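Chemist: Right, I'll just put the structure down here and ask away after.
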Amino acid sequence: MHGSIIPQAARPGQTIRTQAGQVRGAPRDASGVLAFKGIPYAAPPVGPLRWRAPQPLTPWIGVRDALGFGAGSLSSLADDPRPGPRDEDCLTLNVWTAANDADEKRPVMVWIHGGGFQFGSSANPATDGRLLAAKGVVVVSFNYRLGIFGFLAHPELDAEAPSGNYGLQDQLAALRWVQANITAFGGDADNVTLFGESAGAMAVGILMASPLARGLFHKAICESGAFWDGRHGPLQSHDEARARGLAFARRQGDASIATLRAMPAEQLNAAAPWRFERDHVTQAFSPSIDRHVVPDVPARRFLRGEQMRIPLLAGWNSAEQFPFMSQSLPHHTAQAFRAAAERMFGTDRLADFLKNYPADTDEQARASAAALTGDMVVGEQCWQVLRLHRSSTLAPVYGYHFNYTSPYTPIASHVTEIPFVFGTLTPQRIVGCATPPAEADRALSRTMMAYWVNFATRGDPNGPGLPPWPSHDESDVVQILGNTIQARPNPHADRFGFLGSFREHGVLPRRGREAT
């Protein structure tokens, strides 16, 4: 496809040919970046294609405009305030590139958005790929099916094909689209980095452990996620996922799959809401061990060295708990917290627990409950993916801890690193802050963008003018991405080690699980 991209003088409405047909993107911006938005990568998963693996596109004739984001999947988050169109017909992707010629073979970075597999979309202003693309990579983001549309398992569906992980299959289809088409945008299909945050990072870890993803990406970045483990243990078994699907069908009047496929999408979505009070790992329609996309608990696959042997960069933020405190142990008093911890971790381990999460006073218990929540939802598994991937594959591994604060980012909460990675520096709404960024924020963003682009280019974040970032080894040193950027011993090693001691063959205990 030599010459698919026309030089800088290209007229507005740049046109590129994909395998399914031509797409016209927006004109180059001041940095020379072309944007193509809303490109379909699979057939609309509607009607008889609801709860089926993504199907090939029907090629189109003529030129298709790719000027606006496609609709995101319908959201399962109750009372979701996020703007933007949502629809069951959601399988589209976006490409940003500054390449002038298809032969440039720029590194490719493919982003998976977060949202607990329940909400979110690629249209988030914080994850606009324009500024990253200006640094020399081709950026791709996409939408995938969420909630009940993406993760319903049911015996009737199993009679057709393995059920449950349609959203993960969408992600695989998007990656196959990249392999087939990214050369036309100046990208290198043999140098693809898959990166994501929260559920997006969990998806990266799951796909690293999936035989179906081999060869579709070559480096991985996990921001605040790794295995889709939660406070009640690992992701659902297929039996648990099917039980959830059957329970849902019973609530709809013992509906058959044919009846559920005929139900209007908005009505179906409204019948399966999710709230932050519920564990999104085990109490929602989310990834399960289908023995197809997900052959086993991902952490166990990593322990056995059955994951992709590729470079990995992963880390967590210092206040991951911020959106998840409704899921924390009771902590209105120190006594209540200690009693709940004893029930969860056992009387014989309570003394060890209190060394890491002290509760001598009510105030101390509240702080420990917050730390424990962040550790169980995110932090410990990020540490595990670093150590397991290093020890079982000997692949290059780099760890980070994001603890930066400023008037723009007063709390290093879950998701607050994303605007720094993309350079967008959009308002940090998750912590209720509308303070605009200052030069210190922009400087950190430039550094983080350089680290991420360097890693995507050659599997090593280091580069000229950047603080050295050592690889992660037995010394458990991570790069502190904060008001000072430096390599230091993992500040949460003792806490993570305590929680990790409950894993058996890589798997966390299954506590208090039920189909809802």
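By convention here, the chains of the structure tokens are called A, B, ... in the order presented, each chain's residues are numbered starting at 1, and ligands are numbered starting at 1 in the order presented.
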Do you know which residues are at most 12 Å from Thr457 in chain A counting only C-alpha atoms, after dropping those on the same chain fewer than 5 positions away, and could you put them as a PyMOL selection string?

Modeler: chain A and resi 105-109+135-138+187-188+190-193+218-220+311+450-452+462-463

Chemist: Write the residues of the preceding selection, restricted to N, CA and C atoms, as an mmCIF file, in the first residue's frame.

Modeler:
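And here's result_18.cif as it stands now:
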data_model
loop_
_atom_site.group_PDB
_atom_site.id
_atom_site.type_symbol
_atom_site.label_atom_id
_atom_site.label_comp_id
_atom_site.auth_asym_id
_atom_site.auth_seq_id
_atom_site.Cartn_x
_atom_site.Cartn_y
_atom_site.Cartn_z
ATOM 1 N N LYS A 105 6.200 2.770 8.922
ATOM 2 C CA LYS A 105 6.232 1.741 9.974
ATOM 3 C C LYS A 105 6.440 2.347 11.361
ATOM 4 N N ARG A 106 5.574 3.248 11.713
ATOM 5 C CA ARG A 106 5.635 3.834 13.052
ATOM 6 C C ARG A 106 5.103 2.845 14.093
ATOM 7 N N PRO A 107 5.636 2.906 15.326
ATOM 8 C CA PRO A 107 5.078 2.059 16.386
ATOM 9 C C PRO A 107 3.589 2.358 16.566
ATOM 10 N N VAL A 108 2.848 1.337 16.919
ATOM 11 C CA VAL A 108 1.398 1.460 17.077
ATOM 12 C C VAL A 108 1.042 1.263 18.548
ATOM 13 N N MET A 109 0.199 2.149 19.074
ATOM 14 C CA MET A 109 -0.296 2.037 20.442
ATOM 15 C C MET A 109 -1.814 1.902 20.396
ATOM 16 N N LYS A 135 3.983 12.534 18.716
ATOM 17 C CA LYS A 135 5.289 12.091 19.217
ATOM 18 C C LYS A 135 5.892 10.965 18.374
ATOM 19 N N GLY A 136 5.182 10.541 17.327
ATOM 20 C CA GLY A 136 5.780 9.577 16.410
ATOM 21 C C GLY A 136 5.181 8.195 16.397
ATOM 22 N N VAL A 137 4.073 7.984 17.129
ATOM 23 C CA VAL A 137 3.397 6.693 17.117
ATOM 24 C C VAL A 137 2.059 6.828 16.401
ATOM 25 N N VAL A 138 1.492 5.707 15.997
ATOM 26 C CA VAL A 138 0.125 5.668 15.501
ATOM 27 C C VAL A 138 -0.746 5.183 16.649
ATOM 28 N N GLY A 187 1.550 2.739 10.109
ATOM 29 C CA GLY A 187 1.924 2.004 11.299
ATOM 30 C C GLY A 187 2.619 0.693 10.987
ATOM 31 N N ASP A 188 3.281 0.159 12.001
ATOM 32 C CA ASP A 188 4.007 -1.112 11.887
ATOM 33 C C ASP A 188 3.193 -2.199 12.579
ATOM 34 N N ASP A 190 3.919 -5.093 13.061
ATOM 35 C CA ASP A 190 4.794 -5.970 13.842
ATOM 36 C C ASP A 190 5.333 -5.296 15.093
ATOM 37 N N ASN A 191 4.832 -4.088 15.397
ATOM 38 C CA ASN A 191 5.274 -3.374 16.595
ATOM 39 C C ASN A 191 4.067 -2.680 17.230
ATOM 40 N N VAL A 192 3.194 -3.493 17.814
ATOM 41 C CA VAL A 192 1.949 -3.004 18.403
ATOM 42 C C VAL A 192 2.034 -3.128 19.926
ATOM 43 N N THR A 193 1.780 -2.032 20.612
ATOM 44 C CA THR A 193 1.692 -2.021 22.067
ATOM 45 C C THR A 193 0.235 -1.895 22.468
ATOM 46 N N HIS A 218 2.644 -6.862 20.727
ATOM 47 C CA HIS A 218 4.036 -7.243 20.971
ATOM 48 C C HIS A 218 4.635 -6.616 22.224
ATOM 49 N N LYS A 219 3.913 -5.696 22.842
ATOM 50 C CA LYS A 219 4.288 -5.085 24.115
ATOM 51 C C LYS A 219 2.992 -4.763 24.842
ATOM 52 N N ALA A 220 3.075 -4.597 26.165
ATOM 53 C CA ALA A 220 1.872 -4.358 26.945
ATOM 54 C C ALA A 220 2.136 -3.334 28.039
ATOM 55 N N PRO A 311 7.613 -7.589 26.381
ATOM 56 C CA PRO A 311 7.903 -6.536 27.357
ATOM 57 C C PRO A 311 6.623 -6.012 28.009
ATOM 58 N N ALA A 450 6.889 10.651 27.002
ATOM 59 C CA ALA A 450 8.156 10.171 26.454
ATOM 60 C C ALA A 450 8.435 8.744 26.911
ATOM 61 N N TYR A 451 8.208 8.454 28.199
ATOM 62 C CA TYR A 451 8.397 7.085 28.694
ATOM 63 C C TYR A 451 7.512 6.096 27.934
ATOM 64 N N TRP A 452 6.238 6.432 27.795
ATOM 65 C CA TRP A 452 5.290 5.507 27.150
ATOM 66 C C TRP A 452 5.637 5.317 25.669
ATOM 67 N N ASN A 462 13.293 4.145 28.816
ATOM 68 C CA ASN A 462 14.389 5.092 28.989
ATOM 69 C C ASN A 462 14.729 5.803 27.691
ATOM 70 N N GLY A 463 15.269 7.019 27.854
ATOM 71 C CA GLY A 463 15.670 7.806 26.694
ATOM 72 C C GLY A 463 16.418 9.044 27.126
#

Chemist: With the cut-off set at 12 Å and counting only C-alpha atoms, tabulate each residue of range 117-232 of chain A with an atom at most that distance from an atom of range 319-326 of chain A, showing the nearest atom pair and its distance in Å to one decimal, ordered by chain and increasing number, as a Markdown table.

Modeler:
| residue | atom | partner | partner_atom | distance |
| --- | --- | --- | --- | --- |
| A:Glu197 | CA | A:Glu320 | CA | 11.7 |
| A:Ser198 | CA | A:Glu320 | CA | 9.8 |
| A:Glu223 | CA | A:Glu320 | CA | 11.0 |
| A:Ser224 | CA | A:Glu320 | CA | 7.8 |
| A:Gly225 | CA | A:Glu320 | CA | 10.4 |
| A:Gly230 | CA | A:Phe324 | CA | 11.4 |
| A:Arg231 | CA | A:Phe324 | CA | 11.1 |

Chemist: Save the residues we just selected, N, CA and C atoms, as a tab-separated table (two decimals), in the first residue's frame?

Modeler:
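What follows is the written file again_35.tsv:
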chain	number	residue	atom	x	y	z
A	197	GLU	N	-6.25	1.17	30.93
A	197	GLU	CA	-6.31	1.54	32.34
A	197	GLU	C	-7.54	0.91	32.97
A	198	SER	N	-7.41	0.52	34.23
A	198	SER	CA	-8.50	-0.09	34.98
A	198	SER	C	-8.98	-1.34	34.24
A	223	GLU	N	-2.07	-0.01	33.18
A	223	GLU	CA	-2.22	1.09	34.13
A	223	GLU	C	-3.36	0.75	35.09
A	224	SER	N	-3.01	0.46	36.33
A	224	SER	CA	-4.00	0.20	37.37
A	224	SER	C	-4.89	-1.00	37.06
A	225	GLY	N	-4.27	-2.11	36.72
A	225	GLY	CA	-5.01	-3.33	36.48
A	225	GLY	C	-4.11	-4.41	35.95
A	230	GLY	N	-10.53	-9.42	42.25
A	230	GLY	CA	-11.26	-8.49	43.09
A	230	GLY	C	-11.26	-8.93	44.54
A	231	ARG	N	-12.01	-8.22	45.37
A	231	ARG	CA	-12.02	-8.52	46.80
A	231	ARG	C	-12.66	-9.87	47.10

Chemist: Using only C-alpha atoms for the distances, tell me which of A:Gly432, A:Pro461, A:Gly32, A:Gly423 is nearest to Trp96 in chain A.

Modeler: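 Among the listed residues, the smallest separation from Trp96 in chain A belongs to A:Gly32.
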
Chemist: Residues near Arg251 in chain A, anyone? I mean within 12 Å using only C-alpha atoms, not counting same-chain ones fewer than 3 positions away, as a list in words.

Modeler: Arg244, Gly245, Leu246, Ala247, Phe248, Asp254, Ala255, Ser256, Leu260, Leu268, Ala271, Ala272 and Thr516 of chain A

Chemist: Take the residues just selected and output them with N, CA and C atoms as a CSV table (one decimal), in the first residue's frame.

Modeler:
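And here is the file that came out, selection21.csv:
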chain,number,residue,atom,x,y,z
A,244,ARG,N,-25.4,-16.6,36.6
A,244,ARG,CA,-25.9,-15.2,36.5
A,244,ARG,C,-26.8,-15.0,35.4
A,245,GLY,N,-26.4,-15.6,34.2
A,245,GLY,CA,-27.2,-15.4,33.0
A,245,GLY,C,-28.6,-16.1,33.2
A,246,LEU,N,-28.6,-17.3,33.8
A,246,LEU,CA,-29.9,-17.9,34.0
A,246,LEU,C,-30.8,-17.2,35.0
A,247,ALA,N,-30.2,-16.6,36.0
A,247,ALA,CA,-30.9,-15.8,37.0
A,247,ALA,C,-31.5,-14.6,36.3
A,248,PHE,N,-30.8,-14.0,35.5
A,248,PHE,CA,-31.3,-12.8,34.7
A,248,PHE,C,-32.4,-13.2,33.8
A,254,ASP,N,-38.6,-16.0,32.7
A,254,ASP,CA,-38.0,-17.3,32.2
A,254,ASP,C,-37.8,-17.1,30.7
A,255,ALA,N,-37.3,-16.0,30.3
A,255,ALA,CA,-37.1,-15.7,28.8
A,255,ALA,C,-36.1,-16.6,28.2
A,256,SER,N,-36.3,-17.0,27.0
A,256,SER,CA,-35.3,-17.7,26.2
A,256,SER,C,-34.4,-16.7,25.6
A,260,LEU,N,-34.8,-12.8,24.5
A,260,LEU,CA,-33.9,-11.7,25.0
A,260,LEU,C,-33.3,-11.0,23.8
A,268,LEU,N,-33.3,-4.0,27.6
A,268,LEU,CA,-32.4,-5.1,28.1
A,268,LEU,C,-31.4,-4.4,29.1
A,271,ALA,N,-32.6,-3.5,32.5
A,271,ALA,CA,-32.9,-4.6,33.3
A,271,ALA,C,-31.6,-5.2,34.0
A,272,ALA,N,-30.5,-4.7,33.6
A,272,ALA,CA,-29.2,-5.2,34.2
A,272,ALA,C,-28.3,-4.1,34.7
A,516,THR,N,-26.0,-12.7,41.1
A,516,THR,CA,-27.0,-11.7,41.3
A,516,THR,C,-27.5,-11.2,40.0

Chemist: Looking only at the backbone, which of the residues in range 294-350 of chain A does DSSP tag as strand (DSSP E), as a PDB file with C-alpha atoms, in the first residue's frame?

Modeler:
ATOM      1  CA  LEU A 312       5.580  -5.255  30.082  1.00  0.00           C
ATOM      2  CA  LEU A 313       5.192  -1.880  31.802  1.00  0.00           C
ATOM      3  CA  ALA A 314       2.709  -1.770  34.701  1.00  0.00           C
ATOM      4  CA  GLY A 315       1.905   0.244  37.796  1.00  0.00           C
ATOM      5  CA  TRP A 316      -0.640   1.713  40.167  1.00  0.00           C
ATOM      6  CA  ASN A 317      -1.635   5.027  41.741  1.00  0.00           C
TER       7      ASN A 317
END
